[in-house]
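Student: My structure file input-v5.txt, compact mmCIF, C-alpha atoms, is below:
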```
# COMPACT_ATOMS: atom_id res chain seq x y z
CA MET T 1 223.42 -17.35 -160.53
CA ARG T 2 221.28 -16.38 -157.57
CA LEU T 3 221.67 -19.89 -156.14
CA PHE T 4 225.43 -19.75 -156.64
CA ASN T 5 225.64 -16.40 -154.81
CA ALA T 6 223.61 -17.77 -151.90
CA VAL T 7 225.90 -20.81 -151.60
CA LEU T 8 228.99 -18.60 -151.82
CA ILE T 9 227.70 -16.29 -149.10
CA SER T 10 226.98 -19.30 -146.87
CA ILE T 11 230.49 -20.67 -147.39
CA LEU T 12 232.08 -17.30 -146.65
CA ALA T 13 229.96 -16.97 -143.51
CA LEU T 14 231.11 -20.37 -142.28
CA VAL T 15 234.74 -19.50 -142.96
CA ALA T 16 234.45 -16.10 -141.29
CA ALA T 17 232.54 -17.32 -138.21
CA PRO T 18 235.58 -18.55 -136.23
CA ALA T 19 237.48 -15.34 -136.94
CA ILE T 20 234.52 -13.23 -135.87
CA ALA T 21 234.11 -15.31 -132.72
CA GLN T 22 237.76 -14.71 -131.85
CA GLN T 23 237.24 -10.96 -132.15
CA VAL T 24 234.28 -10.88 -129.72
CA PRO T 25 235.57 -10.09 -126.21
CA VAL T 26 234.83 -12.57 -123.43
CA LEU T 27 232.89 -11.04 -120.53
CA LEU T 28 234.19 -11.16 -116.98
CA PHE T 29 231.65 -9.56 -114.63
CA GLY T 30 232.74 -8.05 -111.30
CA ILE T 31 230.24 -7.76 -108.44
CA MET T 32 232.22 -5.48 -106.13
CA GLU T 33 231.81 -3.50 -102.92
CA LEU T 34 232.89 -0.12 -104.29
CA SER T 35 231.03 1.90 -101.63
CA GLY T 36 229.73 1.27 -98.12
CA THR T 37 231.61 -0.58 -95.39
CA GLY T 38 233.21 -2.96 -97.89
CA ALA T 39 234.66 -0.28 -100.15
CA THR T 40 238.28 -0.84 -99.15
CA PRO T 41 238.51 -4.58 -99.91
CA GLY T 42 236.12 -4.30 -102.86
CA THR T 43 238.04 -1.50 -104.56
CA ASN T 44 241.36 -3.28 -104.08
CA PHE T 45 239.97 -6.52 -105.49
CA ASP T 46 238.46 -4.65 -108.44
CA ASN T 47 241.72 -2.85 -109.19
CA GLY T 48 243.61 -6.14 -109.03
CA VAL T 49 241.26 -7.64 -111.61
CA LYS T 50 241.62 -4.59 -113.86
CA LEU T 51 245.41 -4.78 -113.74
CA ALA T 52 245.42 -8.46 -114.72
CA VAL T 53 242.92 -7.83 -117.54
CA LYS T 54 245.06 -5.00 -118.88
CA GLU T 55 248.15 -7.22 -118.93
CA ILE T 56 246.40 -10.21 -120.48
CA ASN T 57 244.74 -8.12 -123.18
CA ALA T 58 248.08 -6.50 -124.03
CA ALA T 59 249.52 -10.00 -124.48
CA GLY T 60 246.73 -11.12 -126.83
CA GLY T 61 243.95 -12.13 -124.47
CA ILE T 62 242.76 -15.66 -123.72
CA LEU T 63 242.66 -18.11 -126.64
CA GLY T 64 242.94 -15.16 -128.97
CA ARG T 65 240.01 -13.25 -127.43
CA LYS T 66 240.30 -10.03 -125.44
CA ILE T 67 238.62 -9.69 -122.05
CA ASN T 68 235.80 -7.24 -121.48
CA TYR T 69 235.70 -6.61 -117.74
CA VAL T 70 232.62 -4.90 -116.34
CA SER T 71 232.31 -4.18 -112.61
CA VAL T 72 229.29 -2.93 -110.68
CA ASP T 73 228.88 -1.59 -107.15
CA THR T 74 226.93 -3.63 -104.59
CA GLN T 75 227.07 -0.72 -102.11
CA THR T 76 227.94 -3.53 -99.64
CA ASN T 77 224.28 -4.51 -99.78
CA PRO T 78 223.49 -8.24 -100.19
CA ALA T 79 220.19 -7.51 -101.97
CA VAL T 80 221.98 -5.36 -104.54
CA ALA T 81 224.64 -8.06 -104.94
CA LYS T 82 221.96 -10.63 -105.74
CA ALA T 83 220.39 -8.36 -108.35
CA MET T 84 223.79 -7.74 -109.93
CA ALA T 85 224.44 -11.50 -110.08
CA GLN T 86 221.26 -11.87 -112.10
CA LYS T 87 222.42 -9.06 -114.39
CA ALA T 88 225.71 -10.90 -114.91
CA VAL T 89 223.75 -13.99 -115.93
CA ASP T 90 221.50 -11.98 -118.27
CA ASP T 91 224.53 -10.32 -119.87
CA GLY T 92 226.15 -13.68 -120.63
CA ALA T 93 229.15 -13.53 -118.32
CA TYR T 94 231.77 -16.23 -118.77
CA VAL T 95 232.95 -15.84 -115.15
CA VAL T 96 231.68 -13.73 -112.24
CA LEU T 97 234.20 -12.24 -109.81
CA GLY T 98 232.87 -11.26 -106.40
CA PRO T 99 231.29 -10.28 -104.17
CA VAL T 100 234.17 -9.91 -101.73
CA HIS T 101 232.03 -9.77 -98.57
CA SER T 102 230.87 -13.16 -97.37
CA GLY T 103 227.32 -12.04 -96.54
CA SER T 104 226.74 -10.75 -100.07
CA MET T 105 228.33 -13.83 -101.64
CA ILE T 106 226.10 -16.17 -99.64
CA VAL T 107 223.03 -14.34 -100.95
CA SER T 108 224.13 -13.87 -104.58
CA MET T 109 225.84 -17.14 -105.47
CA GLY T 110 222.56 -18.97 -106.01
CA GLU T 111 222.03 -16.96 -109.19
CA THR T 112 225.34 -18.01 -110.75
CA ARG T 113 224.80 -21.59 -109.62
CA ARG T 114 221.46 -21.83 -111.41
CA ALA T 115 223.06 -20.43 -114.57
CA GLU T 116 226.08 -22.78 -114.21
CA ILE T 117 228.54 -19.86 -114.29
CA THR T 118 231.91 -20.07 -112.50
CA ASN T 119 232.02 -17.60 -109.61
CA PHE T 120 235.17 -16.51 -107.73
CA THR T 121 234.92 -14.80 -104.33
CA GLY T 122 237.23 -13.10 -101.87
CA GLY T 123 234.87 -14.05 -99.02
CA GLU T 124 236.36 -16.18 -96.23
CA ALA T 125 233.24 -17.45 -94.42
CA ALA T 126 233.48 -21.25 -94.21
CA VAL T 127 229.80 -21.69 -95.11
CA ILE T 128 230.36 -20.40 -98.67
CA THR T 129 231.98 -23.63 -99.84
CA GLN T 130 230.16 -25.90 -97.40
CA GLN T 131 226.92 -25.73 -99.41
CA GLY T 132 228.14 -27.97 -102.23
CA ASN T 133 228.01 -25.28 -104.92
CA PRO T 134 230.19 -26.66 -107.76
CA TYR T 135 230.63 -23.23 -109.37
CA VAL T 136 232.11 -21.32 -106.40
CA PHE T 137 235.86 -20.88 -105.95
CA ARG T 138 237.84 -18.89 -103.42
CA THR T 139 240.71 -16.48 -103.93
CA SER T 140 241.47 -16.68 -100.20
CA PHE T 141 241.70 -19.32 -97.51
CA THR T 142 238.51 -20.51 -95.92
CA GLN T 143 238.32 -19.67 -92.23
CA SER T 144 238.40 -23.39 -91.43
CA ILE T 145 241.94 -23.51 -92.87
CA SER T 146 243.35 -20.14 -91.81
CA MET T 147 242.17 -20.12 -88.20
CA PRO T 148 243.81 -23.44 -87.20
CA LYS T 149 247.05 -22.23 -88.79
CA LEU T 150 246.92 -19.04 -86.73
CA ALA T 151 245.85 -20.83 -83.53
CA ARG T 152 248.88 -23.10 -83.87
CA TYR T 153 251.14 -20.04 -84.09
CA ILE T 154 249.44 -18.41 -81.09
CA GLY T 155 249.95 -21.52 -78.97
CA GLU T 156 253.33 -22.79 -80.13
CA GLN T 157 255.20 -19.59 -80.97
CA MET T 158 253.51 -16.94 -78.82
CA LYS T 159 253.04 -19.34 -75.86
CA VAL T 160 249.65 -17.80 -75.13
CA LYS T 161 247.29 -19.43 -72.61
CA SER T 162 244.30 -17.07 -72.81
CA VAL T 163 242.87 -14.78 -75.50
CA ALA T 164 240.43 -11.86 -75.64
CA VAL T 165 238.36 -12.29 -78.84
CA VAL T 166 236.91 -9.24 -80.65
CA PHE T 167 234.86 -9.80 -83.82
CA THR T 168 232.42 -8.07 -86.17
CA ASN T 169 228.85 -9.32 -85.81
CA ASN T 170 228.19 -10.32 -89.44
CA ASP T 171 228.63 -13.50 -91.51
CA PHE T 172 232.32 -12.79 -92.03
CA GLY T 173 233.05 -11.97 -88.38
CA LYS T 174 230.93 -14.68 -86.79
CA GLY T 175 232.31 -17.34 -89.12
CA GLY T 176 235.90 -16.42 -88.27
CA ARG T 177 235.15 -16.13 -84.57
CA ASP T 178 233.55 -19.59 -84.47
CA GLU T 179 236.46 -21.23 -86.28
CA MET T 180 239.04 -19.48 -84.09
CA VAL T 181 237.29 -20.35 -80.82
CA LYS T 182 237.16 -23.98 -81.95
CA ALA T 183 240.83 -23.95 -82.97
CA LEU T 184 241.90 -22.34 -79.68
CA ALA T 185 239.93 -24.88 -77.66
CA ALA T 186 241.64 -27.71 -79.54
CA ARG T 187 244.96 -26.35 -78.24
CA GLY T 188 243.76 -25.78 -74.69
CA ILE T 189 243.80 -21.98 -75.03
CA LYS T 190 241.12 -20.21 -73.00
CA VAL T 191 238.86 -17.46 -74.39
CA ALA T 192 238.96 -14.93 -71.54
CA VAL T 193 236.34 -12.61 -73.06
CA ASP T 194 234.27 -12.85 -76.25
CA ILE T 195 233.29 -9.40 -77.58
CA SER T 196 230.87 -8.81 -80.46
CA THR T 197 230.97 -5.46 -82.32
CA ASP T 198 228.65 -3.97 -84.93
CA PRO T 199 229.55 -3.49 -88.63
CA GLY T 200 230.51 0.16 -89.08
CA GLN T 201 230.93 0.69 -85.32
CA VAL T 202 232.67 3.96 -84.47
CA ASP T 203 233.19 3.93 -80.70
CA PHE T 204 235.44 1.14 -79.41
CA SER T 205 236.13 2.55 -75.95
CA SER T 206 234.05 -0.05 -74.08
CA VAL T 207 235.43 -2.85 -76.26
CA ALA T 208 239.01 -1.89 -75.48
CA LEU T 209 238.21 -1.55 -71.78
CA ARG T 210 236.64 -5.02 -71.60
CA ALA T 211 239.62 -6.55 -73.39
CA LYS T 212 242.02 -4.80 -71.05
CA GLN T 213 240.11 -5.82 -67.93
CA SER T 214 240.01 -9.47 -69.04
CA ASP T 215 243.78 -9.69 -68.43
CA ALA T 216 244.08 -12.17 -71.31
CA ASP T 217 247.59 -12.95 -72.57
CA ALA T 218 246.74 -11.62 -76.04
CA LEU T 219 243.91 -10.13 -78.10
CA PHE T 220 242.58 -11.71 -81.29
CA ALA T 221 240.81 -9.20 -83.57
CA TYR T 222 238.63 -10.15 -86.53
CA LEU T 223 236.97 -7.06 -87.97
CA THR T 224 236.73 -5.24 -91.28
CA GLU T 225 239.49 -2.73 -92.10
CA GLU T 226 237.95 0.52 -90.88
CA GLU T 227 236.65 -1.01 -87.66
CA GLY T 228 239.99 -2.71 -87.07
CA ALA T 229 241.80 0.61 -87.32
CA ARG T 230 239.40 2.21 -84.84
CA LEU T 231 239.92 -0.64 -82.40
CA LEU T 232 243.71 -0.34 -82.63
CA ARG T 233 243.61 3.41 -82.02
CA GLU T 234 241.40 2.96 -78.96
CA LEU T 235 243.57 0.16 -77.56
CA LYS T 236 246.63 2.38 -77.86
CA LYS T 237 244.73 5.29 -76.29
CA GLN T 238 243.86 3.11 -73.28
CA GLY T 239 247.41 1.83 -72.94
CA TYR T 240 246.73 -1.77 -73.92
CA SER T 241 250.09 -3.55 -73.78
CA LYS T 242 249.38 -7.21 -74.58
CA PRO T 243 250.10 -8.73 -78.02
CA ILE T 244 247.46 -8.10 -80.69
CA VAL T 245 247.05 -10.73 -83.39
CA GLY T 246 244.54 -11.30 -86.16
CA GLU T 247 243.90 -12.46 -89.66
CA THR T 248 244.45 -10.56 -92.91
CA THR T 249 242.10 -7.66 -92.17
CA ILE T 250 243.86 -6.42 -89.02
CA ILE T 251 247.18 -5.78 -90.76
CA GLY T 252 245.94 -4.68 -94.19
CA GLN T 253 247.58 -1.63 -95.73
CA LYS T 254 244.41 0.42 -95.23
CA VAL T 255 244.40 -0.44 -91.49
CA ILE T 256 248.06 0.55 -91.21
CA GLU T 257 247.34 3.89 -92.90
CA LEU T 258 244.27 4.63 -90.76
CA ALA T 259 245.65 3.40 -87.43
CA GLY T 260 249.14 4.86 -87.86
CA ALA T 261 251.37 4.25 -84.85
CA ALA T 262 248.61 2.21 -83.19
CA SER T 263 249.23 -0.59 -85.72
CA GLU T 264 252.91 -0.99 -84.78
CA GLY T 265 253.75 -4.48 -83.56
CA VAL T 266 250.40 -6.02 -84.55
CA LEU T 267 250.71 -9.61 -85.82
CA GLY T 268 248.63 -11.24 -88.50
CA HIS T 269 248.29 -14.43 -90.50
CA VAL T 270 247.91 -13.64 -94.19
CA GLY T 271 247.34 -15.81 -97.20
CA LEU T 272 248.76 -13.07 -99.40
CA THR T 273 250.84 -9.99 -98.68
CA PRO T 274 252.65 -7.57 -101.00
CA ASP T 275 255.63 -7.90 -98.65
CA ALA T 276 256.11 -11.61 -99.36
CA PRO T 277 259.68 -12.31 -100.53
CA GLN T 278 258.72 -14.15 -103.73
CA PRO T 279 259.77 -12.39 -106.99
CA THR T 280 256.28 -12.83 -108.48
CA VAL T 281 254.75 -10.93 -105.55
CA LYS T 282 257.35 -8.17 -105.67
CA ALA T 283 256.67 -7.71 -109.39
CA PHE T 284 252.93 -7.43 -108.73
CA ASP T 285 253.50 -4.90 -105.95
CA GLU T 286 255.56 -2.67 -108.24
CA LYS T 287 253.07 -2.88 -111.11
CA PHE T 288 250.07 -2.16 -108.87
CA GLN T 289 251.69 0.91 -107.34
CA ARG T 290 252.73 2.16 -110.76
CA GLU T 291 249.18 1.72 -112.08
CA TYR T 292 247.15 3.08 -109.13
CA LYS T 293 249.61 5.28 -107.16
CA TYR T 294 248.96 3.45 -103.91
CA ARG T 295 249.88 0.10 -102.39
CA SER T 296 247.49 -2.82 -102.61
CA ASP T 297 246.60 -5.18 -99.79
CA HIS T 298 245.79 -8.87 -100.06
CA ASN T 299 242.48 -8.12 -101.80
CA GLY T 300 244.20 -6.63 -104.84
CA MET T 301 246.36 -9.74 -105.03
CA LYS T 302 243.27 -11.96 -104.85
CA GLY T 303 241.58 -10.18 -107.75
CA TYR T 304 244.73 -10.20 -109.84
CA SER T 305 245.56 -13.89 -109.28
CA ALA T 306 241.95 -14.98 -109.90
CA VAL T 307 242.04 -13.68 -113.48
CA TYR T 308 245.26 -15.56 -114.15
CA MET T 309 243.71 -18.74 -112.71
CA ILE T 310 240.82 -18.29 -115.13
CA LYS T 311 243.23 -17.77 -118.01
CA ALA T 312 245.40 -20.78 -117.17
CA VAL T 313 242.53 -23.25 -116.84
CA THR T 314 240.59 -21.88 -119.83
CA GLU T 315 243.65 -22.37 -122.01
CA LYS T 316 244.02 -25.89 -120.61
CA ILE T 317 240.45 -26.88 -121.61
CA GLY T 318 240.80 -24.98 -124.90
CA LYS T 319 237.36 -23.36 -124.98
CA PHE T 320 235.09 -20.82 -123.31
CA ASP T 321 232.65 -23.05 -121.43
CA SER T 322 231.94 -21.91 -117.88
CA LYS T 323 230.60 -25.28 -116.79
CA ALA T 324 233.69 -27.03 -118.14
CA LEU T 325 235.89 -24.39 -116.52
CA ALA T 326 234.38 -25.11 -113.10
CA ALA T 327 234.88 -28.83 -113.56
CA ALA T 328 238.53 -28.32 -114.53
CA LEU T 329 239.21 -25.96 -111.61
CA HIS T 330 238.35 -28.69 -109.11
CA GLY T 331 241.58 -30.49 -108.31
CA ALA T 332 243.66 -28.06 -110.36
CA HIS T 333 247.24 -27.20 -109.42
CA ILE T 334 248.73 -24.08 -110.97
CA SER T 335 252.43 -23.36 -110.65
CA ALA T 336 253.66 -19.77 -110.31
CA LYS T 337 256.71 -20.85 -112.32
CA ASP T 338 254.46 -21.62 -115.29
CA VAL T 339 251.88 -18.88 -114.63
CA PRO T 340 253.56 -16.01 -112.70
CA GLY T 341 250.26 -14.14 -112.46
CA VAL T 342 248.90 -16.61 -109.89
CA LEU T 343 251.71 -15.23 -107.65
CA LEU T 344 252.16 -18.42 -105.56
CA ASP T 345 251.70 -22.10 -106.36
CA VAL T 346 248.03 -22.84 -105.77
CA SER T 347 245.93 -26.00 -105.46
CA ILE T 348 242.12 -26.07 -105.55
CA ASP T 349 240.20 -28.87 -103.87
CA GLN T 350 236.85 -30.43 -104.74
CA ASN T 351 234.99 -27.88 -102.59
CA GLY T 352 236.47 -24.87 -104.38
CA ASP T 353 238.78 -24.06 -101.45
CA LEU T 354 242.41 -23.29 -102.19
CA ASP T 355 245.66 -24.16 -100.50
CA ARG T 356 249.07 -22.51 -100.77
CA GLU T 357 251.81 -21.04 -98.61
CA SER T 358 250.82 -18.30 -96.18
CA PHE T 359 252.67 -15.91 -93.90
CA ILE T 360 252.85 -14.49 -90.39
CA VAL T 361 253.56 -10.78 -90.61
CA LYS T 362 254.30 -8.02 -88.13
CA VAL T 363 253.68 -4.32 -88.64
CA VAL T 364 257.04 -2.60 -88.38
CA GLY T 365 257.60 1.02 -89.39
CA GLY T 366 254.20 1.23 -91.07
CA LYS T 367 254.78 -1.84 -93.24
CA GLN T 368 254.07 -5.56 -93.11
CA GLN T 369 257.22 -7.49 -92.31
CA VAL T 370 257.11 -11.21 -92.98
CA ILE T 371 258.45 -13.05 -89.92
CA ALA T 372 257.42 -16.62 -90.77
CA THR T 373 256.22 -18.71 -93.72
CA VAL T 374 253.43 -21.20 -93.07
CA PRO T 375 253.44 -24.22 -95.41
CA PRO T 376 250.35 -25.39 -97.30
CA LEU T 377 247.88 -27.58 -95.42
CA GLY T 378 249.15 -31.13 -95.05
CA ARG T 379 252.80 -30.06 -95.03
CA LYS T 380 254.69 -29.42 -91.80
```
I need this file expressed as structure tokens, please.

Tutor:
Amino acid sequence: MRLFNAVLISILALVAAPAIAQQVPVLLFGIMELSGTGATPGTNFDNGVKLAVKEINAAGGILGRKINYVSVDTQTNPAVAKAMAQKAVDDGAYVVLGPVHSGSMIVSMGETRRAEITNFTGGEAAVITQQGNPYVFRTSFTQSISMPKLARYIGEQMKVKSVAVVFTNNDFGKGGRDEMVKALAARGIKVAVDISTDPGQVDFSSVALRAKQSDADALFAYLTEEEGARLLRELKKQGYSKPIVGETTIIGQKVIELAGAASEGVLGHVGLTPDAPQPTVKAFDEKFQREYKYRSDHNGMKGYSAVYMIKAVTEKIGKFDSKALAAALHGAHISAKDVPGVLLDVSIDQNGDLDRESFIVKVVGGKQQVIATVPPLGRK
């Protein structure tokens, strides 16, 4: 009888195991800049992830399992980010999301690589995916893709012959500056003045003066949100009248709010914007505002779409295996028609870089107004 009971218990355990496994939530671990100089992009990214997780869980989760999303604050400190990446590994994360800042990602991604855990980042520095890490994937364009797109617009549409370059002196800023200078040179556009600024810099009076005195046809700004807003206010204060153009950070919603009237007329190339005309993007914009009572920028869209990319490819491979997930993400194409949560059709190459449509926007009346659509790389 005792032997029979033991066999019966074993059989019941085997039968129950799959059901129990389905009930255990799958861990997504967010390494986010929730304070410090990266708090604006980090908080937006984090909120985008949370919104997607809420929606997916309400619809039954992924392969029948709910998502447990845990996010921690790096304080915009690379050393803290590295420690949190190790914690994610120790806690058994299926996927790590973040950091958003390139400098922190460069330091922390070695931990997830050693553990063979898929790691998404909002960082744009080209070096992130140039190191051959098979577990790293972007939610944004690499600078080596976005800067040539923008340089083409500056030369062909704006008819600019010389540019004043202003950038933040960190991994993010230097990487973007280097790619832009190279892209401008390829089009015969002169860099009239090259101005480095410090992360967290408050006083931009000398920066604005140097840009103004350079007499360049336009100014290219590549700074974090708060610094970008300070630069715009100072340029307006000094009566700068030339076109101002930049990448996503110079026309983010936070910059528009902080700079106010000084942001009017600023142009930017964005991979994602809540003002894009696509129905999927408009639906996201409405849901985000309803959930958080403010408007997201591109970072919220990156976090949101990343979770849906994870869901789509996990369901394609039919199991929770982070190594297999990374392998399947390389070369993947996800259609927004099939998976609306990815927002726009997206393709991922063998380096972990993505390609999709992007936009040129102009700040008009305190909002981003899309004035041109830029096709994916390789399409004219």

Student: For a quick check of understanding, using all atoms listed in the file, which of T:Ser358, T:Gln201, T:Ser108, T:Thr129 has the smallest distance to Pro277 of chain T?

Tutor: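 Comparing T:Ser358, T:Gln201, T:Ser108, T:Thr129 against Pro277 of chain T, the winner is T:Ser358.
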
Student: Show me the residues close to (230.0, -10.7, -91.4) - anything with an atom within 12 Å, counting only C-alpha atoms - and format the list as a VMD selection string.

Tutor: chain T and resid 37 to 38 76 to 78 100 to 106 123 to 127 167 to 178 196 to 200 222 to 224

Student: One decimal, in Å: what's the spacing between atom CA of Phe320 of chain T and atom CA of Phe45 of chain T?

Tutor: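 Calculated distance between atom CA of Phe320 of chain T and atom CA of Phe45 of chain T is 23.4 Å.
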
Student: Could you pull the residues within 10 Å of Gly132 of chain T, counting all atoms listed in the file, minus those fewer than 5 positions along the same chain, as a tab-separated table (two decimals) with C-alpha atoms, in the coordinates of the input?

Tutor:
```tsv
chain	number	residue	atom	x	y	z
T	127	VAL	CA	229.80	-21.69	-95.11
T	350	GLN	CA	236.85	-30.43	-104.74
T	351	ASN	CA	234.99	-27.88	-102.59
T	352	GLY	CA	236.47	-24.87	-104.38
```

Student: Nearest residue to Ile244 of chain T out of T:Ala39, T:Ala327, T:Ala218, T:Ile348, using only C-alpha atoms?

Tutor: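 Of T:Ala39, T:Ala327, T:Ala218, T:Ile348, the one nearest Ile244 of chain T is T:Ala218, counting only C-alpha atoms.
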
Student: Please provide the set of residues having any atom within 6 Å of Leu343 of chain T, restricted to all atoms listed in the file, with same-chain residues fewer than 4 positions apart removed, written as a ChimeraX atom specification.

Tutor: /T:280-281,336

Student: How about saving the chosen residues, C-alpha atoms kept, as a JSON list (two decimals), in the frame of the given file?

Tutor:
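Wrote again_14.json, looks like this:
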```
[["chain", "number", "residue", "atom", "x", "y", "z"],
["T", 280, "THR", "CA", 256.28, -12.83, -108.48],
["T", 281, "VAL", "CA", 254.75, -10.93, -105.55],
["T", 336, "ALA", "CA", 253.66, -19.77, -110.31]]
```

Student: Please report, as a tab-separated table, each residue of segment 44-101 of chain T lying at most 9 Å from segment 305-314 of chain T, together with the nearest pair of atoms and the separation in Å rounded to one decimal; use only C-alpha atoms, and order rows by chain and ascending residue number.

Tutor:
```
residue	atom	partner	partner_atom	distance
T:Gly48	CA	T:Ser305	CA	8.0
T:Val49	CA	T:Val307	CA	6.4
T:Ala52	CA	T:Val307	CA	6.3
T:Val53	CA	T:Val307	CA	7.2
T:Ile56	CA	T:Tyr308	CA	8.4
T:Gly61	CA	T:Lys311	CA	8.6
T:Ile62	CA	T:Lys311	CA	6.1
T:Leu63	CA	T:Thr314	CA	8.1
T:Val95	CA	T:Ile310	CA	8.2
T:Leu97	CA	T:Ala306	CA	8.2
```

Student: Excluding Ala372 of chain T and residues on its chain fewer than 4 positions from it, collect all residues at most 9 Å away from it, counting all atoms listed in the file, and give them as a list in words.

Tutor: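 Here the answer would be Ser358, Phe359, Ile360 and Val361 of chain T.
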
Student: Would you list the contacts of Ala262 of chain T as number ranges by chain, taking every protein, DNA or RNA residue within 12 Å and counting only C-alpha atoms, but skipping same-chain residues closer than 4 positions in sequence?

Tutor: T: 228-241, 244, 250-251, 255-258, 266, 363-366

Student: Any idea what the distance is between atom CA of Gln75 of chain T and atom CA of Gly303 of chain T?

Tutor: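 So the answer is 18.2 Å.
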
Student: What is the atom CA of Met147 of chain T-atom CA of Glu357 of chain T distance in Å, reported with one decimal?

Tutor: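 Distance reported for this atom pair: 14.2 Å.
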